[in-house]
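What follows is the content of model-v2.tsv, which has TSV, C-alpha atoms and all ligand atoms:
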chain	number	residue	atom	x	y	z
D	1	MET	CA	98.97	46.96	70.07
D	2	SER	CA	101.98	46.36	72.19
D	3	ALA	CA	100.98	43.03	73.53
D	4	PHE	CA	103.39	40.65	75.01
D	5	ASP	CA	103.01	38.27	72.15
D	6	VAL	CA	103.54	34.74	73.25
D	7	THR	CA	101.35	32.49	71.17
D	8	ASP	CA	99.55	29.47	72.50
D	9	LYS	CA	101.53	26.37	71.90
D	10	PRO	CA	99.51	23.43	70.64
D	11	ALA	CA	98.99	21.11	73.55
D	12	ASP	CA	100.44	18.13	71.71
D	13	GLN	CA	103.91	19.70	71.68
D	14	LEU	CA	104.28	19.41	75.42
D	15	PRO	CA	106.70	16.74	76.52
D	16	LEU	CA	105.16	13.87	78.35
D	17	VAL	CA	106.80	10.86	79.87
D	18	VAL	CA	104.76	7.71	79.86
D	19	ASP	CA	106.19	4.44	81.01
D	20	GLN	CA	106.46	1.43	78.78
D	21	THR	CA	104.66	-0.95	81.10
D	22	PHE	CA	100.98	-1.28	81.86
D	23	ASP	CA	98.54	-3.32	83.90
D	24	TYR	CA	95.31	-4.47	82.46
D	25	VAL	CA	91.87	-5.35	83.62
D	26	ILE	CA	90.30	-8.55	82.31
D	27	LYS	CA	86.61	-8.53	81.60
D	28	ARG	CA	85.10	-11.90	80.90
D	29	GLN	CA	82.17	-11.48	78.60
D	30	LYS	CA	79.78	-13.44	76.49
D	31	ARG	CA	81.71	-12.99	73.28
D	32	LYS	CA	83.70	-14.96	70.73
D	33	THR	CA	86.82	-12.86	70.25
D	34	ILE	CA	89.30	-10.90	72.35
D	35	ALA	CA	89.46	-7.13	72.19
D	36	VAL	CA	91.76	-4.61	73.87
D	37	HIS	CA	90.53	-1.15	74.78
D	38	VAL	CA	92.50	1.76	76.18
D	39	LEU	CA	90.12	3.88	78.26
D	40	PRO	CA	90.43	7.68	78.55
D	41	ASP	CA	92.19	7.40	81.94
D	42	GLY	CA	94.83	5.06	80.48
D	43	THR	CA	93.34	1.86	81.88
D	44	VAL	CA	93.84	-1.09	79.58
D	45	GLU	CA	90.80	-3.31	79.42
D	46	VAL	CA	90.90	-6.75	77.83
D	47	ARG	CA	87.51	-8.14	76.93
D	48	ALA	CA	87.66	-11.86	76.45
D	49	PRO	CA	85.34	-14.83	76.04
D	50	LYS	CA	84.54	-16.66	79.27
D	51	TRP	CA	86.05	-19.92	78.06
D	52	LEU	CA	89.40	-18.57	76.89
D	53	PRO	CA	92.35	-19.91	78.93
D	54	LYS	CA	94.34	-17.26	80.79
D	55	TYR	CA	97.64	-18.10	79.03
D	56	GLU	CA	96.09	-17.47	75.64
D	57	LEU	CA	94.81	-14.17	76.84
D	58	VAL	CA	98.24	-13.20	78.19
D	59	ASP	CA	99.81	-14.22	74.88
D	60	PHE	CA	97.35	-12.09	73.01
D	61	VAL	CA	98.12	-9.02	75.13
D	62	GLU	CA	101.89	-9.54	74.96
D	63	GLN	CA	101.85	-9.76	71.20
D	64	ARG	CA	100.12	-6.42	71.07
D	65	ALA	CA	102.18	-4.73	73.79
D	66	ASP	CA	103.77	-2.19	71.42
D	67	TRP	CA	100.43	-1.14	70.07
D	68	ILE	CA	98.94	-0.85	73.58
D	69	VAL	CA	101.84	1.25	74.89
D	70	ASN	CA	101.49	3.51	71.90
D	71	GLN	CA	97.73	3.88	72.37
D	72	ARG	CA	98.16	4.61	76.05
D	73	GLN	CA	100.70	7.33	75.32
D	74	GLN	CA	98.31	9.02	72.95
D	75	VAL	CA	95.36	8.75	75.32
D	76	LEU	CA	97.32	9.97	78.34
D	77	ALA	CA	98.94	12.83	76.44
D	78	LYS	CA	95.49	14.03	75.49
D	79	SER	CA	94.10	13.90	79.01
D	80	ALA	CA	97.22	15.42	80.61
D	81	THR	CA	97.20	18.51	78.43
D	82	LYS	CA	93.48	19.04	78.83
D	83	PRO	CA	92.91	19.26	82.55
D	84	ARG	CA	89.60	17.66	83.20
D	85	PHE	CA	87.15	18.98	85.68
D	86	GLN	CA	86.64	16.15	88.03
D	87	HIS	CA	87.62	15.06	91.51
D	88	GLY	CA	91.36	14.53	91.91
D	89	GLN	CA	92.44	16.26	88.71
D	90	TYR	CA	95.32	18.68	89.16
D	91	HIS	CA	95.01	22.31	88.10
D	92	PRO	CA	97.65	25.03	88.08
D	93	PHE	CA	97.62	28.11	90.28
D	94	LEU	CA	100.53	30.56	90.61
D	95	GLY	CA	103.01	28.07	89.21
D	96	GLU	CA	101.97	25.11	91.33
D	97	THR	CA	99.33	22.49	90.78
D	98	PHE	CA	96.60	21.49	93.18
D	99	PRO	CA	93.98	18.75	93.01
D	100	LEU	CA	90.30	19.46	92.71
D	101	TRP	CA	88.22	18.32	95.65
D	102	ILE	CA	84.60	18.12	94.59
D	103	GLU	CA	81.68	18.20	97.00
D	104	ARG	CA	77.95	18.38	96.48
D	105	ALA	CA	76.17	21.52	97.75
D	106	GLY	CA	73.04	23.58	97.21
D	107	ARG	CA	74.91	26.39	95.49
D	108	SER	CA	78.25	26.37	93.77
D	109	SER	CA	81.39	27.86	95.28
D	110	ALA	CA	85.13	27.41	95.13
D	111	GLN	CA	87.92	28.02	97.60
D	112	PHE	CA	91.49	27.06	98.28
D	113	LYS	CA	91.64	24.99	101.44
D	114	ASP	CA	94.27	22.71	102.94
D	115	GLY	CA	96.16	22.32	99.70
D	116	VAL	CA	93.19	21.48	97.53
D	117	LEU	CA	90.84	23.45	95.32
D	118	LEU	CA	87.58	22.77	97.09
D	119	ILE	CA	84.76	23.05	94.58
D	120	LYS	CA	81.15	22.75	95.62
D	121	VAL	CA	78.55	22.19	92.95
D	122	ARG	CA	74.99	20.95	92.72
D	123	GLU	CA	75.97	18.05	90.53
D	124	PRO	CA	79.52	16.69	91.05
D	125	SER	CA	79.34	14.59	87.89
D	126	ASP	CA	78.69	17.67	85.76
D	127	SER	CA	82.16	18.82	84.71
D	128	GLN	CA	80.73	22.04	83.27
D	129	GLN	CA	79.50	23.15	86.69
D	130	ILE	CA	82.95	22.42	88.10
D	131	GLU	CA	84.70	24.29	85.32
D	132	GLN	CA	82.46	27.30	85.84
D	133	ALA	CA	82.98	27.40	89.61
D	134	LEU	CA	86.74	27.03	89.15
D	135	GLN	CA	86.86	29.79	86.56
D	136	GLN	CA	84.94	32.17	88.83
D	137	TRP	CA	87.45	31.40	91.53
D	138	TYR	CA	90.39	32.11	89.19
D	139	ARG	CA	88.78	35.42	88.30
D	140	LYS	CA	88.30	36.40	91.92
D	141	GLN	CA	91.93	35.58	92.65
D	142	ALA	CA	93.02	37.47	89.54
D	143	GLU	CA	91.14	40.61	90.59
D	144	ALA	CA	92.94	40.71	93.92
D	145	ILE	CA	96.38	39.52	92.82
D	146	PHE	CA	96.66	41.57	89.61
D	147	GLU	CA	95.77	44.73	91.48
D	148	GLU	CA	98.22	44.03	94.26
D	149	ARG	CA	101.03	43.15	91.83
D	150	MET	CA	100.23	46.17	89.63
D	151	PHE	CA	100.62	48.42	92.66
D	152	ALA	CA	103.89	46.76	93.72
D	153	CYS	CA	105.31	46.81	90.19
D	154	PHE	CA	104.37	50.47	89.68
D	155	GLU	CA	106.19	51.34	92.91
D	156	SER	CA	109.37	49.74	91.59
D	157	PHE	CA	109.54	52.31	88.76
D	158	PRO	CA	111.63	55.47	89.21
D	159	ASP	CA	110.11	58.66	90.61
D	160	TRP	CA	109.92	60.47	87.25
D	161	PHE	CA	107.79	57.60	85.95
D	162	GLN	CA	105.50	57.55	88.96
D	163	ASP	CA	105.07	61.32	88.71
D	164	LYS	CA	104.28	61.20	85.01
D	165	PHE	CA	101.86	58.26	84.90
D	166	ARG	CA	98.99	56.93	86.94
D	167	ILE	CA	98.48	53.34	87.96
D	168	PRO	CA	96.48	51.88	85.06
D	169	GLU	CA	93.04	50.38	85.29
D	170	ILE	CA	93.17	46.62	84.76
D	171	THR	CA	90.78	44.66	82.59
D	172	ILE	CA	90.86	40.89	82.94
D	173	ARG	CA	90.10	38.82	79.90
D	174	LYS	CA	90.50	35.25	78.77
D	175	MET	CA	92.83	35.52	75.82
D	176	ARG	CA	94.24	32.85	73.58
D	177	ARG	CA	97.30	34.53	72.15
D	178	ARG	CA	98.40	37.29	74.48
D	179	TRP	CA	99.33	37.56	78.12
D	180	GLY	CA	98.76	41.24	78.31
D	181	SER	CA	98.28	44.42	76.35
D	182	CYS	CA	98.37	48.16	76.91
D	183	SER	CA	96.10	50.55	75.01
D	184	SER	CA	97.20	53.99	73.85
D	185	LYS	CA	94.95	55.38	76.59
D	186	GLY	CA	97.04	53.55	79.15
D	187	GLU	CA	94.60	50.81	80.06
D	188	VAL	CA	96.14	47.45	80.73
D	189	THR	CA	94.47	44.16	79.87
D	190	LEU	CA	95.77	41.02	81.53
D	191	ASN	CA	95.03	37.45	80.58
D	192	LEU	CA	93.04	35.58	83.23
D	193	TRP	CA	95.18	32.48	82.61
D	194	LEU	CA	98.22	34.28	83.97
D	195	MET	CA	96.84	33.01	87.27
D	196	LYS	CA	98.32	29.66	86.33
D	197	MET	CA	101.81	31.16	86.13
D	198	PRO	CA	104.30	31.88	88.92
D	199	LEU	CA	104.22	35.41	90.36
D	200	ASP	CA	107.58	36.15	88.67
D	201	CYS	CA	105.85	35.74	85.32
D	202	ILE	CA	102.83	37.82	86.31
D	203	ASP	CA	105.12	40.62	87.47
D	204	TYR	CA	107.02	40.40	84.21
D	205	VAL	CA	103.88	40.87	82.11
D	206	ILE	CA	102.72	43.76	84.30
D	207	VAL	CA	106.10	45.52	84.17
D	208	HIS	CA	106.22	44.93	80.41
D	209	GLU	CA	102.86	46.64	79.98
D	210	LEU	CA	103.79	49.46	82.35
D	211	CYS	CA	106.88	50.14	80.23
D	212	HIS	CA	104.52	50.73	77.31
D	213	LEU	CA	103.09	53.76	79.11
D	214	HIS	CA	106.48	55.37	78.45
D	215	ALA	CA	107.45	53.66	75.19
D	216	PHE	CA	104.56	52.43	73.14
D	217	HIS	CA	106.60	50.19	70.83
D	218	HIS	CA	109.30	47.62	71.42
D	219	GLY	CA	112.20	49.94	70.72
D	220	LYS	CA	115.48	50.64	72.49
D	221	GLU	CA	113.85	52.99	74.95
D	222	PHE	CA	111.36	50.31	75.89
D	223	TYR	CA	113.98	47.68	76.60
D	224	ARG	CA	116.20	50.11	78.49
D	225	LEU	CA	113.38	50.85	80.90
D	226	LEU	CA	112.33	47.20	81.14
D	227	ALA	CA	115.87	46.04	81.91
D	228	SER	CA	116.31	48.75	84.54
D	229	ILE	CA	113.24	47.47	86.41
D	230	LEU	CA	113.67	43.75	85.77
D	231	PRO	CA	117.28	42.89	84.86
D	232	ASP	CA	116.25	39.22	84.54
D	233	TRP	CA	113.30	39.85	82.23
D	234	ARG	CA	114.64	37.41	79.62
D	235	VAL	CA	114.57	34.56	82.10
D	236	ARG	CA	111.01	35.37	83.04
D	237	GLU	CA	109.93	35.63	79.43
D	238	ALA	CA	111.51	32.26	78.68
D	239	LEU	CA	109.72	30.75	81.66
D	240	ILE	CA	106.37	31.99	80.40
D	241	GLU	CA	107.04	30.53	77.00
D	242	GLN	CA	108.06	27.27	78.53
D	243	LEU	CA	104.90	27.07	80.65
D	244	SER	CA	102.53	28.20	77.91
O	1	ZN	ZN	104.84	44.83	74.46
If you convert what's in this file into C-alpha cells, what do you get?
Amino acid sequence: MSAFDVTDKPADQLPLVVDQTFDYVIKRQKRKTIAVHVLPDGTVEVRAPKWLPKYELVDFVEQRADWIVNQRQQVLAKSATKPRFQHGQYHPFLGETFPLWIERAGRSSAQFKDGVLLIKVREPSDSQQIEQALQQWYRKQAEAIFEERMFACFESFPDWFQDKFRIPEITIRKMRRRWGSCSSKGEVTLNLWLMKMPLDCIDYVIVHELCHLHAFHHGKEFYRLLASILPDWRVREALIEQLS
C-alpha cells in the first residue's frame, strides 16, 4: 500500500541522440562478397574480398549509409540504456555518472576513488562478477545514505509529528515498479536503485513515505503535510519520473 508509484519506463522510450555519420573498419578477408556488420559497440565493420578495389568498397558503403545509420542507432540505443559491466562503462550514482575502473584481484571489492567506481574482481572479463561487486557497493552506500537521509528528513517534520512517531526501520529492496512504500506498521521500504537518483529525489521519496505514517492514503491531509515539508515536491516527483 501507499507506494510512491512511478512505474518503470521501458528503456526504449529514452531519448538518445546519435549522429548521422560513422567511421568504418575494413577487414579484408578470403571471401567473394562484401558484408557490413554493426558491432554491439557501434563500430561499423566492412568485410570485403581481398581483391576488391577501395572505390568499389566505398561506393558499396555509401549506398547503404541510411541503413547503416539506422542500424547503429538501434544498436547504440540498446547498449546505452543497458549499462554494461565492463571497464569504462558509465554508471549512475546520486544523480551523476561515473566510469567503471576494473582491476584484477584475489577477492572482489568495490569503492569510489578519484572519480571512478573502482571494481576489483577475480576475472575482469566476467561481467557478472563486476555487476555483483557493483551491486554490493550500491547496497552498502544505500544502507548509510538512506539512514542518514531518513534521520535528516524526520527532523524536518514538526514537533507534534516527531513526538507522535518514531523514526521507521528501513528495508532496502530491489524493486521494479516502486521507489518506496510504507507498511501499516510504519516500516519503510526503499528501492535500492534510488541510489542512482540525486539526493533531492531520495529525500522526496523518504518524506513521502514518512507522511504516510500520519496519513495512510493519498488524501488531502497527506498532501497538506507533504507540501508543508517539501513545497517543491512536484518538481522532485517530475525529476524522478524523468530519470526513471
Ligand atoms: Zn504514497
task = For Thr97 (chain D), please output as JSON, numbers by chain all residues within 12 Å (counting only C-alpha atoms; exclusion window: fewer than 6 positions along the same chain).
result = {"D": [83, 88, 89, 90, 91, 112, 115, 116, 117, 195, 196, 197, 198]}
ask   = CA of Leu52 (chain D) to CA of Thr21 (chain D): how many Å, to one decimal?
value = 23.7 Å
Would you mind listing, for every residue of chain D within 12 Å of ligand ZN 1 (chain O), the two atoms forming the shortest contact and the distance between them in Å to one decimal, using all atoms listed in the file, sorted by chain and ascending residue number, as CSV?
residue,atom,partner,partner_atom,distance
D:Met1,CA,O:ZN1,ZN,7.6
D:Ser2,CA,O:ZN1,ZN,4.0
D:Ala3,CA,O:ZN1,ZN,4.4
D:Phe4,CA,O:ZN1,ZN,4.5
D:Asp5,CA,O:ZN1,ZN,7.2
D:Val6,CA,O:ZN1,ZN,10.2
D:Arg178,CA,O:ZN1,ZN,9.9
D:Trp179,CA,O:ZN1,ZN,9.8
D:Gly180,CA,O:ZN1,ZN,8.0
D:Ser181,CA,O:ZN1,ZN,6.8
D:Cys182,CA,O:ZN1,ZN,7.7
D:Ser183,CA,O:ZN1,ZN,10.5
D:Ser184,CA,O:ZN1,ZN,11.9
D:Val188,CA,O:ZN1,ZN,11.0
D:Thr189,CA,O:ZN1,ZN,11.7
D:Tyr204,CA,O:ZN1,ZN,10.9
D:Val205,CA,O:ZN1,ZN,8.7
D:Ile206,CA,O:ZN1,ZN,10.1
D:Val207,CA,O:ZN1,ZN,9.8
D:His208,CA,O:ZN1,ZN,6.1
D:Glu209,CA,O:ZN1,ZN,6.1
D:Leu210,CA,O:ZN1,ZN,9.2
D:Cys211,CA,O:ZN1,ZN,8.1
D:His212,CA,O:ZN1,ZN,6.6
D:Leu213,CA,O:ZN1,ZN,10.2
D:His214,CA,O:ZN1,ZN,11.4
D:Ala215,CA,O:ZN1,ZN,9.2
D:Phe216,CA,O:ZN1,ZN,7.7
D:His217,CA,O:ZN1,ZN,6.7
D:His218,CA,O:ZN1,ZN,6.1
D:Gly219,CA,O:ZN1,ZN,9.7
D:Phe222,CA,O:ZN1,ZN,8.6
D:Tyr223,CA,O:ZN1,ZN,9.8
D:Leu226,CA,O:ZN1,ZN,10.3
D:Glu237,CA,O:ZN1,ZN,11.6
Please dump the current selection as a PDB file, keeping the file's coordinate frame; keep C-alpha atoms.
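Saved result, part.pdb, follows:
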ATOM      1  CA  MET D   1      98.970  46.960  70.070  1.00  0.00           C
ATOM      2  CA  SER D   2     101.980  46.360  72.190  1.00  0.00           C
ATOM      3  CA  ALA D   3     100.980  43.030  73.530  1.00  0.00           C
ATOM      4  CA  PHE D   4     103.390  40.650  75.010  1.00  0.00           C
ATOM      5  CA  ASP D   5     103.010  38.270  72.150  1.00  0.00           C
ATOM      6  CA  VAL D   6     103.540  34.740  73.250  1.00  0.00           C
ATOM      7  CA  ARG D 178      98.400  37.290  74.480  1.00  0.00           C
ATOM      8  CA  TRP D 179      99.330  37.560  78.120  1.00  0.00           C
ATOM      9  CA  GLY D 180      98.760  41.240  78.310  1.00  0.00           C
ATOM     10  CA  SER D 181      98.280  44.420  76.350  1.00  0.00           C
ATOM     11  CA  CYS D 182      98.370  48.160  76.910  1.00  0.00           C
ATOM     12  CA  SER D 183      96.100  50.550  75.010  1.00  0.00           C
ATOM     13  CA  SER D 184      97.200  53.990  73.850  1.00  0.00           C
ATOM     14  CA  VAL D 188      96.140  47.450  80.730  1.00  0.00           C
ATOM     15  CA  THR D 189      94.470  44.160  79.870  1.00  0.00           C
ATOM     16  CA  TYR D 204     107.020  40.400  84.210  1.00  0.00           C
ATOM     17  CA  VAL D 205     103.880  40.870  82.110  1.00  0.00           C
ATOM     18  CA  ILE D 206     102.720  43.760  84.300  1.00  0.00           C
ATOM     19  CA  VAL D 207     106.100  45.520  84.170  1.00  0.00           C
ATOM     20  CA  HIS D 208     106.220  44.930  80.410  1.00  0.00           C
ATOM     21  CA  GLU D 209     102.860  46.640  79.980  1.00  0.00           C
ATOM     22  CA  LEU D 210     103.790  49.460  82.350  1.00  0.00           C
ATOM     23  CA  CYS D 211     106.880  50.140  80.230  1.00  0.00           C
ATOM     24  CA  HIS D 212     104.520  50.730  77.310  1.00  0.00           C
ATOM     25  CA  LEU D 213     103.090  53.760  79.110  1.00  0.00           C
ATOM     26  CA  HIS D 214     106.480  55.370  78.450  1.00  0.00           C
ATOM     27  CA  ALA D 215     107.450  53.660  75.190  1.00  0.00           C
ATOM     28  CA  PHE D 216     104.560  52.430  73.140  1.00  0.00           C
ATOM     29  CA  HIS D 217     106.600  50.190  70.830  1.00  0.00           C
ATOM     30  CA  HIS D 218     109.300  47.620  71.420  1.00  0.00           C
ATOM     31  CA  GLY D 219     112.200  49.940  70.720  1.00  0.00           C
ATOM     32  CA  PHE D 222     111.360  50.310  75.890  1.00  0.00           C
ATOM     33  CA  TYR D 223     113.980  47.680  76.600  1.00  0.00           C
ATOM     34  CA  LEU D 226     112.330  47.200  81.140  1.00  0.00           C
ATOM     35  CA  GLU D 237     109.930  35.630  79.430  1.00  0.00           C
TER      36      GLU D 237
END
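Distance annotation: of D:Glu169, D:Asp203, D:Glu62, D:Glu103, the residue with the minimal separation from Val46 (chain D) is D:Glu62; atom set is only C-alpha atoms.
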request  = Have a look at D:Ala105, D:Leu192, D:Ala48, D:Val38 and name the one nearest to Gln73 (chain D); count all atoms listed in the file.
outcome  =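 Ranking D:Ala105, D:Leu192, D:Ala48, D:Val38 by distance to Gln73 (chain D), first place goes to D:Val38.
CA of Arg166 (chain D) sits 10.2 Å away from CA of Glu187 (chain D).
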request  = Mind giving me the straight-line distance from CA of Trp67 (chain D) to CA of Pro53 (chain D) in Å, one decimal?
outcome  = 22.3 Å
remark   = Judged by only C-alpha atoms, the minimum distance to Leu199 (chain D) among D:Arg72, D:Arg149, D:Lys220, D:Lys120 is found for D:Arg149
Completed region 33-57 of chain D (N, CA and C atoms) as a compact mmCIF listing (two decimals), in the frame of the given file:
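Below is the file that was written, result-v7.txt:
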# COMPACT_ATOMS: atom_id res chain seq x y z
N THR D 33 85.44 -13.30 70.53
CA THR D 33 86.82 -12.86 70.25
C THR D 33 87.36 -12.00 71.40
N ILE D 34 88.68 -11.78 71.34
CA ILE D 34 89.30 -10.90 72.35
C ILE D 34 89.42 -9.49 71.77
N ALA D 35 89.24 -8.51 72.64
CA ALA D 35 89.46 -7.13 72.19
C ALA D 35 90.17 -6.36 73.30
N VAL D 36 91.05 -5.45 72.89
CA VAL D 36 91.76 -4.61 73.87
C VAL D 36 91.30 -3.17 73.70
N HIS D 37 90.94 -2.55 74.82
CA HIS D 37 90.53 -1.15 74.78
C HIS D 37 91.39 -0.33 75.74
N VAL D 38 91.80 0.84 75.28
CA VAL D 38 92.50 1.76 76.18
C VAL D 38 91.50 2.85 76.53
N LEU D 39 91.14 2.92 77.81
CA LEU D 39 90.12 3.88 78.26
C LEU D 39 90.74 5.26 78.43
N PRO D 40 89.91 6.31 78.48
CA PRO D 40 90.43 7.68 78.55
C PRO D 40 91.39 7.93 79.72
N ASP D 41 91.27 7.18 80.82
CA ASP D 41 92.19 7.40 81.94
C ASP D 41 93.45 6.54 81.82
N GLY D 42 93.63 5.85 80.69
CA GLY D 42 94.83 5.06 80.48
C GLY D 42 94.70 3.60 80.88
N THR D 43 93.56 3.25 81.50
CA THR D 43 93.34 1.86 81.88
C THR D 43 93.25 0.99 80.63
N VAL D 44 93.92 -0.15 80.70
CA VAL D 44 93.84 -1.09 79.58
C VAL D 44 92.84 -2.18 79.96
N GLU D 45 91.85 -2.35 79.12
CA GLU D 45 90.80 -3.31 79.42
C GLU D 45 90.82 -4.38 78.34
N VAL D 46 90.91 -5.64 78.78
CA VAL D 46 90.90 -6.75 77.83
C VAL D 46 89.57 -7.47 77.97
N ARG D 47 88.81 -7.45 76.91
CA ARG D 47 87.51 -8.14 76.93
C ARG D 47 87.69 -9.48 76.23
N ALA D 48 87.37 -10.52 76.98
CA ALA D 48 87.66 -11.86 76.45
C ALA D 48 86.49 -12.81 76.68
N PRO D 49 86.38 -13.83 75.82
CA PRO D 49 85.34 -14.83 76.04
C PRO D 49 85.55 -15.55 77.37
N LYS D 50 84.46 -16.01 77.96
CA LYS D 50 84.54 -16.66 79.27
C LYS D 50 85.40 -17.92 79.24
N TRP D 51 85.38 -18.63 78.12
CA TRP D 51 86.05 -19.92 78.06
C TRP D 51 87.53 -19.84 77.73
N LEU D 52 88.02 -18.67 77.36
CA LEU D 52 89.40 -18.57 76.89
C LEU D 52 90.40 -18.76 78.03
N PRO D 53 91.37 -19.70 77.87
CA PRO D 53 92.35 -19.91 78.93
C PRO D 53 93.19 -18.65 79.16
N LYS D 54 93.59 -18.47 80.41
CA LYS D 54 94.34 -17.26 80.79
C LYS D 54 95.63 -17.11 79.97
N TYR D 55 96.36 -18.23 79.74
CA TYR D 55 97.64 -18.10 79.03
C TYR D 55 97.46 -17.61 77.60
N GLU D 56 96.35 -17.96 77.01
CA GLU D 56 96.09 -17.47 75.64
C GLU D 56 95.82 -15.97 75.65
N LEU D 57 95.12 -15.59 76.69
CA LEU D 57 94.81 -14.17 76.84
C LEU D 57 96.09 -13.36 77.06
